[in-house]
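The structure under discussion appears below in the form of structure tokens.
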Amino acid sequence: MRRFWRLLPFFLPGLLLYLALFVYLTVTSFYYSLTDWDGLSPSYTVIGLDNYPRVAEDVVFRKAFGNNIKFMLAVVLAQTVISLLLALQLTKQSRLHVALRAFYFVPTILSSVSVGFIWTFVYDPTLGMLNGVLEAMGLSSWNRNWLGNPRIAIFSIAAVQAWAHIGQMVILFVAGLQSIPRELVESARLDGATRLQLFLRVTWPLLAPAAAIVVSYTTIQSFKAFDLVFTMTGGGPAYSTEILSTYIYNSAFMNYTFGRAAAASVFFLALIGLITFLQFRALRTDRISY
Amino acid sequence: MGYQTTKRQPWRGLLLSLMIAGTGVLAACGGGNNAAETGSGNTPSEQQVSNSGSNPVTISFIHWRGEDAAVLDGIIEDFEAEHPGIKVESQIFPSEQYQAIAQAKLLDGAVGDVFTSFPGTQFEAIARAGLFTDLSDEEFVAQFNPSLIEAGQKDGQQLALPYQLVYNIPIYNVTLFEEQGIEVPSDWEGFLAAAEQLKQAGIVPIAFPGADIGPGQFMNPMVMNNAPDGEIFVKLEAGEAKLTDEWWVTTLEQFKQLNDLEYFQKDALCTKNEAAGALFAQGKAAMLATGSYQLLGNKNNNPELVQGLLAPITVPADQAVYEGIHTTTFMLAINSKTKHPEEARAFLTYLSRSEVASAYANGTGQNVTVNGVEYTSEELQVVEEWTNKNTLFQPRFTITNAEVQRAVLSSIQSVLAGTDPAQAAADAQVIVDQQIGQ
């Protein structure tokens, strides 16, 4: 108990900020989800849980949810696999590897709004670089209306999201790889393990904590990719890139249904919590032992 | 060494934490003071007044027209010279942000003593929140053309005064039309024939910014004669009309026709307004499916451009009721929570003068709703011709529910992406039904 009081001054400021900026706002959101507040009027009525079934039945919310799942799967898969492959090649502390890690990290420091605008131009079907490059390579049959075709628009944005954050994940994987005890790798090699066996039996299991962080962080990022979607397509065409965060924004600020937007936010929070929990369970980081 | 560290660190840490916490408390106290001041009406502008009676009152003016900033700054400078007791601080937000944040800014009365509103959804929301001051009895209202300020009325009160007048119909390249010997079409067959002729000549008939403003602009002239009832979207929101009815399915079929016949540029759904405008200004496209507000911008991009306005007439000529679409927007209003209503009134009175409105119109290339304004530029004269024509107030702005509006626009995008018009209309109607609670 004495130890608690001695440590209290260290965590109290952070705790207060957390309570004020996260817990209080979350509780407030939950409260507003029980009302019909439009975000502007001085008064509102408490309507209980009515907003929840309305949100669940909303066709646009369902589209947004489906799109978000597609977006998340594409981003998590691309970002995890590509960053792991890059990290496996960049584990040394040589100048080249450090420089390459920094190079891959550059897109992460750009603002997502800038990234959105840059890639909107890259994807432009007539003036954009992507179709131009494909054409120059004799691959004009691959030319697509990247953001205008409702079937592929969400994946085009997912590719940008992955491009922007791969460098960050490379750093996490490199840190994980560098923390694997060298003697384990060497003894596996001495036992005659092939490169694939070494990766599957030694590297990957020991990389699980880093992988868990990468996967959960990427998942959360993909649910929060509001600015990228907003600047590139605004949720269109025909709702094909509407995701949960743009749905909440539109409900709150364009349609003035704050109560419903708050209900969707609560659902959003629970969903992220559930998916992250399942991911940690699937990766079983608690089973790692040397 | 290790012992010393463990023993001394908590005290250092405690001191540091107390300092940080103390700073936080002081900062919070500072914040509290500000909050209290705001709550008691002492906004920065009011502080100036209360500090010294001779200091001017500062009023805040918020709007979304960044492109008009220089002209408005000049007008404000003249206003301040004429009213030494009043300062106007203008704050500009991009239009897409303005829809979302203006209301929140207006709520506490700290900014936006004078503000602007879009007609339709935003106007309705601000009215519901009681943030408009009723201007019905103000003398300056008489300065405006009565038929052009209806968008700012609600329940018999004049809550806002639309300042700009725009025509949301395609701009066409007069030279290209003349070179091809094309007359402005008066019916749908004529419109398609003109588009075909332009296409055969290697010219894109219609530059369509399908990725942003295109559907929301072009839907208006496309629907105006298919549903000549100006209240059609009001009826849609009341459940008395449906998107699956003939008027909207026909409109979608006509969009499909234009798309399938390649009268829009390739990949129109991915084209933003800037790119579509560039196609038009470069003479690669004969029509630009936006509105009169882009006449000046096009002219700046290509000074040789000779422009006119035309609307697609989607029915036989003898069945056409409307010749085009107009919108009155940039609606000036006074915040009901303002601490400086008299100063705000003085500013609106000034903006309502015909000579000030003339300066605004000719400086920004926008037609205005104020009487007695003289237009000097060629582009504004093009628009002025349309004031004598039978035009319909923009149907899109009669939709008060933003999600209903999105459903309507999405059905156009769906059709351009290949969905059958009847199916696209049915999909959109499902969303409309949910929104209106049916």
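In the structure tokens, each chain is lettered A, B, ... as it comes, each chain's residues begin at 1, and ligands are numbered from 1 in order of appearance.
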Residue neighbourhood stretch 204-221 of chain A, 8 Å, only C-alpha atoms, exclusion window fewer than 5 positions, as a ChimeraX atom specification: /A:72,75-76,79-80,169,172-173,175-177,180,199,272,276,279-280,283-285,288
Who sits within 10 Å of stretch 28-31 of chain A, only C-alpha atoms, same chain under 5 positions skipped, as a VMD selection string: chain A and resid 22 to 23 46 48 258 to 259 261 to 267
Give me the chain B side of the contact with chain A, cut-off 9 Å, one line per residue showing its nearest atom pair and distance in Å at one decimal, counting only C-alpha atoms, sorted by chain and residue number, as CSV.
```
residue,atom,partner,partner_atom,distance
B:Pro10,CA,A:Arg6,CA,7.2
B:Gly13,CA,A:Phe10,CA,6.9
B:Leu14,CA,A:Pro9,CA,5.8
B:Leu15,CA,A:Pro9,CA,8.9
B:Leu16,CA,A:Phe10,CA,8.9
B:Ser17,CA,A:Pro9,CA,5.8
B:Leu18,CA,A:Pro9,CA,7.3
B:Ile20,CA,A:Pro13,CA,7.8
B:Ala21,CA,A:Pro13,CA,6.4
B:Gly24,CA,A:Pro13,CA,8.7
B:Gln99,CA,A:Met254,CA,6.9
B:Ala100,CA,A:Phe253,CA,4.8
B:Ile101,CA,A:Phe253,CA,7.5
B:Gln103,CA,A:Leu40,CA,6.9
B:Ala104,CA,A:Leu40,CA,7.0
B:Leu107,CA,A:Leu40,CA,7.2
B:Thr121,CA,A:Asn255,CA,7.9
B:Gln122,CA,A:Met254,CA,8.1
B:Ala125,CA,A:Tyr256,CA,7.3
B:Ile126,CA,A:Leu40,CA,7.7
B:Arg128,CA,A:Ser41,CA,6.9
B:Ala129,CA,A:Ser41,CA,4.5
B:Gly130,CA,A:Ser41,CA,7.6
B:Gly210,CA,A:Gly148,CA,8.3
B:Ala211,CA,A:Gly148,CA,7.0
B:Asp212,CA,A:Thr233,CA,8.1
B:Lys266,CA,A:Thr126,CA,7.9
B:Asp267,CA,A:Asn145,CA,6.0
B:Ala268,CA,A:Gly148,CA,7.7
B:Leu269,CA,A:Gly148,CA,4.7
B:Cys270,CA,A:Gly148,CA,4.3
B:Thr271,CA,A:Asp124,CA,7.2
B:Lys272,CA,A:Asp124,CA,8.9
B:Ala275,CA,A:Leu127,CA,8.6
B:Thr400,CA,A:Asn255,CA,9.0
B:Asn401,CA,A:Asn255,CA,6.3
B:Ala402,CA,A:Asn255,CA,5.1
B:Glu403,CA,A:Asn255,CA,6.4
B:Arg406,CA,A:Ala238,CA,8.4
B:Ala407,CA,A:Ala238,CA,7.9
B:Leu409,CA,A:Ala238,CA,7.7
B:Ser410,CA,A:Ala238,CA,4.2
B:Ser411,CA,A:Ala238,CA,6.7
B:Ile412,CA,A:Ala238,CA,8.0
B:Gln413,CA,A:Ala238,CA,5.5
B:Ser414,CA,A:Ala238,CA,5.5
B:Ala417,CA,A:Asn149,CA,6.4
B:Val430,CA,A:Val59,CA,7.8
B:Ile431,CA,A:Val59,CA,6.4
B:Gln434,CA,A:Asp58,CA,7.0
B:Gln435,CA,A:Asp58,CA,8.7
```
Neighbours of B:Asn302 within 12 Å (only C-alpha atoms; same-chain residues fewer than 5 positions away dropped), as a PDB file with N, CA and C atoms, in the first residue's frame?
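Below is the file that was written, result_15.pdb:
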```pdb
ATOM      1  N   ASN B 173     -19.201  25.529 -74.700  1.00  0.00           N
ATOM      2  CA  ASN B 173     -18.202  26.278 -75.460  1.00  0.00           C
ATOM      3  C   ASN B 173     -18.872  26.778 -76.736  1.00  0.00           C
ATOM      4  N   GLY B 277     -12.991  20.505 -65.392  1.00  0.00           N
ATOM      5  CA  GLY B 277     -12.856  21.922 -65.762  1.00  0.00           C
ATOM      6  C   GLY B 277     -11.701  22.133 -66.726  1.00  0.00           C
ATOM      7  N   ALA B 278     -10.605  21.400 -66.504  1.00  0.00           N
ATOM      8  CA  ALA B 278      -9.437  21.533 -67.383  1.00  0.00           C
ATOM      9  C   ALA B 278      -9.773  21.030 -68.787  1.00  0.00           C
ATOM     10  N   LEU B 279     -10.503  19.906 -68.872  1.00  0.00           N
ATOM     11  CA  LEU B 279     -10.909  19.374 -70.185  1.00  0.00           C
ATOM     12  C   LEU B 279     -11.708  20.417 -70.958  1.00  0.00           C
ATOM     13  N   PHE B 280     -12.603  21.089 -70.219  1.00  0.00           N
ATOM     14  CA  PHE B 280     -13.463  22.090 -70.861  1.00  0.00           C
ATOM     15  C   PHE B 280     -12.657  23.330 -71.255  1.00  0.00           C
ATOM     16  N   ALA B 281     -11.853  23.814 -70.325  1.00  0.00           N
ATOM     17  CA  ALA B 281     -11.099  25.050 -70.595  1.00  0.00           C
ATOM     18  C   ALA B 281     -10.108  24.857 -71.748  1.00  0.00           C
ATOM     19  N   GLN B 282      -9.598  23.636 -71.893  1.00  0.00           N
ATOM     20  CA  GLN B 282      -8.651  23.367 -72.978  1.00  0.00           C
ATOM     21  C   GLN B 282      -9.349  23.141 -74.320  1.00  0.00           C
ATOM     22  N   GLY B 283     -10.667  23.170 -74.321  1.00  0.00           N
ATOM     23  CA  GLY B 283     -11.411  22.982 -75.565  1.00  0.00           C
ATOM     24  C   GLY B 283     -11.531  21.525 -75.968  1.00  0.00           C
ATOM     25  N   LEU B 295     -17.916  29.941 -64.577  1.00  0.00           N
ATOM     26  CA  LEU B 295     -17.651  30.707 -65.795  1.00  0.00           C
ATOM     27  C   LEU B 295     -16.357  31.506 -65.677  1.00  0.00           C
ATOM     28  N   LEU B 296     -16.200  32.189 -64.550  1.00  0.00           N
ATOM     29  CA  LEU B 296     -15.030  33.049 -64.386  1.00  0.00           C
ATOM     30  C   LEU B 296     -13.747  32.219 -64.285  1.00  0.00           C
ATOM     31  N   GLY B 297     -13.813  31.121 -63.554  1.00  0.00           N
ATOM     32  CA  GLY B 297     -12.644  30.252 -63.418  1.00  0.00           C
ATOM     33  C   GLY B 297     -12.203  29.713 -64.768  1.00  0.00           C
ATOM     34  N   GLN B 307     -18.241  31.468 -73.641  1.00  0.00           N
ATOM     35  CA  GLN B 307     -19.080  30.506 -72.936  1.00  0.00           C
ATOM     36  C   GLN B 307     -20.552  30.899 -72.902  1.00  0.00           C
TER      37      GLN B 307
END
```
Surrounding residues of B:Thr250 excluding itself and chain neighbours under 5 positions, 9 Å, only C-alpha atoms, as a ChimeraX atom specification: /B:223,226,245,255,421-422
Keeping only N, CA and C atoms, write the selected residues to a file as a compact mmCIF listing (two decimals), in the first residue's frame.
```txt
# COMPACT_ATOMS: atom_id res chain seq x y z
N VAL B 223 -33.59 16.32 -64.12
CA VAL B 223 -34.87 15.91 -63.53
C VAL B 223 -35.96 16.99 -63.68
N ASN B 226 -38.57 16.07 -66.19
CA ASN B 226 -39.14 14.73 -65.95
C ASN B 226 -40.09 14.78 -64.76
N ASP B 245 -40.52 5.60 -59.01
CA ASP B 245 -41.54 6.12 -59.93
C ASP B 245 -40.87 6.52 -61.24
N PHE B 255 -29.38 9.22 -67.86
CA PHE B 255 -27.97 9.25 -67.45
C PHE B 255 -27.23 8.06 -68.07
N PRO B 421 -30.89 0.96 -64.16
CA PRO B 421 -31.55 2.13 -63.54
C PRO B 421 -32.67 1.77 -62.57
N ALA B 422 -33.50 0.80 -62.93
CA ALA B 422 -34.61 0.43 -62.04
C ALA B 422 -34.07 -0.14 -60.73
```
Helix (DSSP H, G or I) residues, from DSSP on the backbone, in stretch 210-270 of chain B, as a PyMOL selection string: chain B and resi 214-224+232-237+246-260+268-270
Using only N, CA and C atoms, please write the residues we just selected to a file, as a CSV table (one decimal), in the first residue's frame.
```csv
chain,number,residue,atom,x,y,z
B,214,GLY,N,-20.3,16.5,-59.8
B,214,GLY,CA,-21.1,16.3,-61.0
B,214,GLY,C,-22.5,15.7,-60.8
B,215,PRO,N,-22.7,14.6,-60.1
B,215,PRO,CA,-24.0,14.1,-59.9
B,215,PRO,C,-25.0,15.1,-59.3
B,216,GLY,N,-24.5,15.8,-58.3
B,216,GLY,CA,-25.3,16.7,-57.5
B,216,GLY,C,-25.7,17.9,-58.3
B,217,GLN,N,-24.9,18.3,-59.3
B,217,GLN,CA,-25.2,19.4,-60.2
B,217,GLN,C,-26.1,19.0,-61.4
B,218,PHE,N,-25.6,18.0,-62.1
B,218,PHE,CA,-26.3,17.6,-63.3
B,218,PHE,C,-27.7,17.0,-63.1
B,219,MET,N,-27.9,16.4,-61.9
B,219,MET,CA,-29.2,15.8,-61.7
B,219,MET,C,-30.3,16.8,-61.8
B,220,ASN,N,-30.0,18.1,-61.5
B,220,ASN,CA,-31.1,19.1,-61.4
B,220,ASN,C,-31.7,19.4,-62.8
B,221,PRO,N,-30.9,19.8,-63.8
B,221,PRO,CA,-31.5,20.0,-65.1
B,221,PRO,C,-32.1,18.7,-65.7
B,222,MET,N,-31.4,17.5,-65.3
B,222,MET,CA,-31.9,16.3,-65.9
B,222,MET,C,-33.3,15.9,-65.4
B,223,VAL,N,-33.6,16.3,-64.1
B,223,VAL,CA,-34.9,15.9,-63.5
B,223,VAL,C,-36.0,17.0,-63.7
B,224,MET,N,-35.5,18.2,-64.0
B,224,MET,CA,-36.5,19.4,-63.9
B,224,MET,C,-37.7,19.2,-64.7
B,232,ILE,N,-41.0,17.9,-55.8
B,232,ILE,CA,-41.0,16.4,-55.9
B,232,ILE,C,-40.1,15.8,-54.8
B,233,PHE,N,-39.0,16.4,-54.4
B,233,PHE,CA,-38.2,15.8,-53.4
B,233,PHE,C,-38.8,16.0,-52.0
B,234,VAL,N,-39.6,17.1,-51.9
B,234,VAL,CA,-40.3,17.3,-50.6
B,234,VAL,C,-41.3,16.1,-50.5
B,235,LYS,N,-41.9,15.8,-51.6
B,235,LYS,CA,-42.9,14.7,-51.6
B,235,LYS,C,-42.2,13.4,-51.3
B,236,LEU,N,-41.0,13.2,-51.9
B,236,LEU,CA,-40.2,12.0,-51.6
B,236,LEU,C,-39.9,11.8,-50.1
B,237,GLU,N,-39.6,12.9,-49.5
B,237,GLU,CA,-39.3,12.8,-48.0
B,237,GLU,C,-40.6,12.7,-47.2
B,246,GLU,N,-41.7,6.7,-62.2
B,246,GLU,CA,-41.2,6.9,-63.6
B,246,GLU,C,-40.3,8.1,-63.7
B,247,TRP,N,-40.6,9.2,-63.0
B,247,TRP,CA,-39.8,10.5,-63.1
B,247,TRP,C,-38.3,10.2,-62.8
B,248,TRP,N,-38.0,9.4,-61.8
B,248,TRP,CA,-36.6,9.2,-61.4
B,248,TRP,C,-36.0,8.1,-62.3
B,249,VAL,N,-36.7,7.0,-62.5
B,249,VAL,CA,-36.2,5.9,-63.3
B,249,VAL,C,-35.8,6.5,-64.7
B,250,THR,N,-36.7,7.3,-65.3
B,250,THR,CA,-36.5,7.9,-66.6
B,250,THR,C,-35.2,8.7,-66.5
B,251,THR,N,-35.1,9.5,-65.5
B,251,THR,CA,-33.9,10.4,-65.3
B,251,THR,C,-32.6,9.5,-65.3
B,252,LEU,N,-32.7,8.4,-64.5
B,252,LEU,CA,-31.5,7.5,-64.5
B,252,LEU,C,-31.2,6.8,-65.8
B,253,GLU,N,-32.3,6.5,-66.5
B,253,GLU,CA,-32.1,5.9,-67.8
B,253,GLU,C,-31.4,6.8,-68.8
B,254,GLN,N,-31.8,8.1,-68.7
B,254,GLN,CA,-31.2,9.1,-69.5
B,254,GLN,C,-29.7,9.3,-69.2
B,255,PHE,N,-29.4,9.2,-67.9
B,255,PHE,CA,-28.0,9.2,-67.4
B,255,PHE,C,-27.2,8.1,-68.1
B,256,LYS,N,-27.9,6.9,-68.0
B,256,LYS,CA,-27.3,5.7,-68.6
B,256,LYS,C,-27.0,5.8,-70.1
B,257,GLN,N,-28.0,6.4,-70.7
B,257,GLN,CA,-27.9,6.6,-72.2
B,257,GLN,C,-26.7,7.5,-72.5
B,258,LEU,N,-26.5,8.6,-71.8
B,258,LEU,CA,-25.4,9.5,-72.0
B,258,LEU,C,-24.0,8.7,-71.7
B,259,ASN,N,-24.1,7.9,-70.7
B,259,ASN,CA,-22.8,7.2,-70.3
B,259,ASN,C,-22.5,6.1,-71.3
B,260,ASP,N,-23.6,5.3,-71.7
B,260,ASP,CA,-23.4,4.2,-72.6
B,260,ASP,C,-22.9,4.7,-74.0
B,268,ALA,N,-15.7,8.6,-66.1
B,268,ALA,CA,-16.3,9.9,-65.6
B,268,ALA,C,-16.5,9.8,-64.1
B,269,LEU,N,-16.7,8.6,-63.5
B,269,LEU,CA,-16.9,8.5,-62.1
B,269,LEU,C,-15.7,8.8,-61.3
B,270,CYS,N,-14.5,8.8,-61.9
B,270,CYS,CA,-13.3,9.0,-61.2
B,270,CYS,C,-12.7,10.4,-61.5
```
Residues within 7 Å of stretch 320-337 of chain B, only C-alpha atoms, excluding chain neighbours under 5 positions, as a count of residues only: 42
A:Ala102 surroundings by only C-alpha atoms, 10 Å radius, close-in-sequence under 4 positions cut, as a ChimeraX atom specification: /A:96-98,106-107,167-168,170-171
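As for atom CA of B:Ala357 and atom CA of B:Ser60, they are spaced 19.6 Å apart.
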A:Ala159 surroundings by only C-alpha atoms, 12 Å radius, close-in-sequence under 4 positions cut, as a count of residues only: 28
Sel. of strand (DSSP E or B) residues, stretch 136-308 of chain B, as a PyMOL selection string: chain B and resi 144+153-154+157-158+161-167+171-173+204-207+264+285-288+307-308
Store the residues picked out above in a file with N, CA, C and O atoms, as an mmCIF file, in the first residue's frame.
```
data_model
loop_
_atom_site.group_PDB
_atom_site.id
_atom_site.type_symbol
_atom_site.label_atom_id
_atom_site.label_comp_id
_atom_site.auth_asym_id
_atom_site.auth_seq_id
_atom_site.Cartn_x
_atom_site.Cartn_y
_atom_site.Cartn_z
ATOM 1 N N PHE B 144 -33.391 43.312 -51.489
ATOM 2 C CA PHE B 144 -33.230 42.050 -52.220
ATOM 3 C C PHE B 144 -34.435 41.779 -53.114
ATOM 4 O O PHE B 144 -35.546 42.227 -52.821
ATOM 5 N N GLN B 153 -36.385 31.507 -46.174
ATOM 6 C CA GLN B 153 -37.611 31.678 -45.379
ATOM 7 C C GLN B 153 -38.060 30.362 -44.762
ATOM 8 O O GLN B 153 -37.902 29.300 -45.366
ATOM 9 N N LYS B 154 -38.613 30.479 -43.572
ATOM 10 C CA LYS B 154 -39.178 29.287 -42.920
ATOM 11 C C LYS B 154 -40.278 29.746 -41.969
ATOM 12 O O LYS B 154 -40.072 30.711 -41.219
ATOM 13 N N GLN B 157 -41.021 33.384 -41.663
ATOM 14 C CA GLN B 157 -39.957 34.297 -41.206
ATOM 15 C C GLN B 157 -38.809 34.306 -42.205
ATOM 16 O O GLN B 157 -38.485 33.270 -42.795
ATOM 17 N N GLN B 158 -38.193 35.474 -42.371
ATOM 18 C CA GLN B 158 -37.002 35.581 -43.222
ATOM 19 C C GLN B 158 -35.785 35.368 -42.314
ATOM 20 O O GLN B 158 -35.354 36.282 -41.618
ATOM 21 N N LEU B 161 -30.654 35.602 -45.780
ATOM 22 C CA LEU B 161 -30.800 36.297 -47.055
ATOM 23 C C LEU B 161 -29.799 35.743 -48.067
ATOM 24 O O LEU B 161 -28.603 36.034 -47.984
ATOM 25 N N PRO B 162 -30.292 34.927 -49.017
ATOM 26 C CA PRO B 162 -29.379 34.421 -50.046
ATOM 27 C C PRO B 162 -28.730 35.603 -50.774
ATOM 28 O O PRO B 162 -29.424 36.546 -51.162
ATOM 29 N N TYR B 163 -27.413 35.543 -50.942
ATOM 30 C CA TYR B 163 -26.682 36.666 -51.536
ATOM 31 C C TYR B 163 -26.292 36.367 -52.981
ATOM 32 O O TYR B 163 -26.278 37.250 -53.810
ATOM 33 N N GLN B 164 -25.973 35.094 -53.250
ATOM 34 C CA GLN B 164 -25.515 34.730 -54.591
ATOM 35 C C GLN B 164 -26.631 34.069 -55.383
ATOM 36 O O GLN B 164 -27.438 33.334 -54.835
ATOM 37 N N LEU B 165 -26.571 34.294 -56.681
ATOM 38 C CA LEU B 165 -27.507 33.646 -57.588
ATOM 39 C C LEU B 165 -26.688 32.856 -58.603
ATOM 40 O O LEU B 165 -25.851 33.446 -59.307
ATOM 41 N N VAL B 166 -26.873 31.555 -58.646
ATOM 42 C CA VAL B 166 -26.135 30.753 -59.624
ATOM 43 C C VAL B 166 -27.116 29.900 -60.424
ATOM 44 O O VAL B 166 -28.231 29.614 -59.967
ATOM 45 N N TYR B 167 -26.685 29.524 -61.605
ATOM 46 C CA TYR B 167 -27.481 28.633 -62.455
ATOM 47 C C TYR B 167 -26.751 27.308 -62.563
ATOM 48 O O TYR B 167 -25.629 27.269 -63.064
ATOM 49 N N ILE B 171 -22.270 24.531 -68.693
ATOM 50 C CA ILE B 171 -21.656 25.627 -69.455
ATOM 51 C C ILE B 171 -21.255 25.020 -70.798
ATOM 52 O O ILE B 171 -20.802 23.872 -70.842
ATOM 53 N N TYR B 172 -21.450 25.741 -71.880
ATOM 54 C CA TYR B 172 -20.992 25.179 -73.157
ATOM 55 C C TYR B 172 -20.033 26.127 -73.857
ATOM 56 O O TYR B 172 -20.045 27.344 -73.632
ATOM 57 N N ASN B 173 -19.201 25.529 -74.700
ATOM 58 C CA ASN B 173 -18.202 26.278 -75.460
ATOM 59 C C ASN B 173 -18.872 26.778 -76.736
ATOM 60 O O ASN B 173 -19.126 26.001 -77.674
ATOM 61 N N VAL B 204 -15.024 15.642 -76.640
ATOM 62 C CA VAL B 204 -15.819 15.047 -75.561
ATOM 63 C C VAL B 204 -17.088 15.894 -75.428
ATOM 64 O O VAL B 204 -17.003 17.102 -75.191
ATOM 65 N N PRO B 205 -18.271 15.314 -75.612
ATOM 66 C CA PRO B 205 -19.473 16.149 -75.535
ATOM 67 C C PRO B 205 -19.659 16.807 -74.162
ATOM 68 O O PRO B 205 -19.901 17.999 -74.068
ATOM 69 N N ILE B 206 -19.530 15.988 -73.079
ATOM 70 C CA ILE B 206 -19.800 16.539 -71.733
ATOM 71 C C ILE B 206 -18.665 16.163 -70.780
ATOM 72 O O ILE B 206 -18.405 14.969 -70.570
ATOM 73 N N ALA B 207 -18.002 17.152 -70.212
ATOM 74 C CA ALA B 207 -17.037 16.890 -69.139
ATOM 75 C C ALA B 207 -17.832 16.784 -67.851
ATOM 76 O O ALA B 207 -18.510 17.739 -67.447
ATOM 77 N N PHE B 264 -20.071 11.219 -71.967
ATOM 78 C CA PHE B 264 -19.208 11.720 -70.888
ATOM 79 C C PHE B 264 -17.780 11.290 -71.218
ATOM 80 O O PHE B 264 -17.589 10.319 -71.965
ATOM 81 N N ALA B 285 -13.467 19.394 -74.296
ATOM 82 C CA ALA B 285 -14.869 19.035 -74.036
ATOM 83 C C ALA B 285 -15.746 20.231 -74.385
ATOM 84 O O ALA B 285 -15.349 21.384 -74.169
ATOM 85 N N ALA B 286 -16.942 19.943 -74.913
ATOM 86 C CA ALA B 286 -17.804 21.033 -75.371
ATOM 87 C C ALA B 286 -18.729 21.556 -74.280
ATOM 88 O O ALA B 286 -19.177 22.698 -74.336
ATOM 89 N N MET B 287 -19.047 20.703 -73.295
ATOM 90 C CA MET B 287 -19.924 21.130 -72.202
ATOM 91 C C MET B 287 -19.293 20.733 -70.871
ATOM 92 O O MET B 287 -18.572 19.735 -70.804
ATOM 93 N N LEU B 288 -19.567 21.516 -69.868
ATOM 94 C CA LEU B 288 -19.087 21.212 -68.521
ATOM 95 C C LEU B 288 -20.310 21.136 -67.617
ATOM 96 O O LEU B 288 -21.020 22.139 -67.432
ATOM 97 N N GLN B 307 -18.241 31.468 -73.641
ATOM 98 C CA GLN B 307 -19.080 30.506 -72.936
ATOM 99 C C GLN B 307 -20.552 30.899 -72.902
ATOM 100 O O GLN B 307 -20.887 32.086 -72.958
ATOM 101 N N GLY B 308 -21.365 29.913 -72.829
ATOM 102 C CA GLY B 308 -22.801 30.130 -72.650
ATOM 103 C C GLY B 308 -23.341 29.074 -71.708
ATOM 104 O O GLY B 308 -22.601 28.190 -71.263
#
```
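Using only C-alpha atoms, the smallest distance between any of A:Leu49, A:Ala158, A:Leu19, A:Ala188 and A:Asp36 comes from A:Leu49.
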Pairwise distance for atom CA of B:Ile92 and atom CA of B:Asn298, rounded to one decimal in Å: 23.2 Å
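Take the candidates B:Gln91, B:Ala110, B:Glu379, B:Gly291 and check each one against B:Pro303 using only C-alpha atoms; the shortest distance goes to B:Glu379.
Checking B:Ile436, B:Gly120, B:Ala194, B:Ala425 one by one against B:Phe397, counting only C-alpha atoms, you find the shortest gap at B:Gly120.
One finds atom CA of A:Val174 at 10.2 Å from atom CA of A:Gln93.
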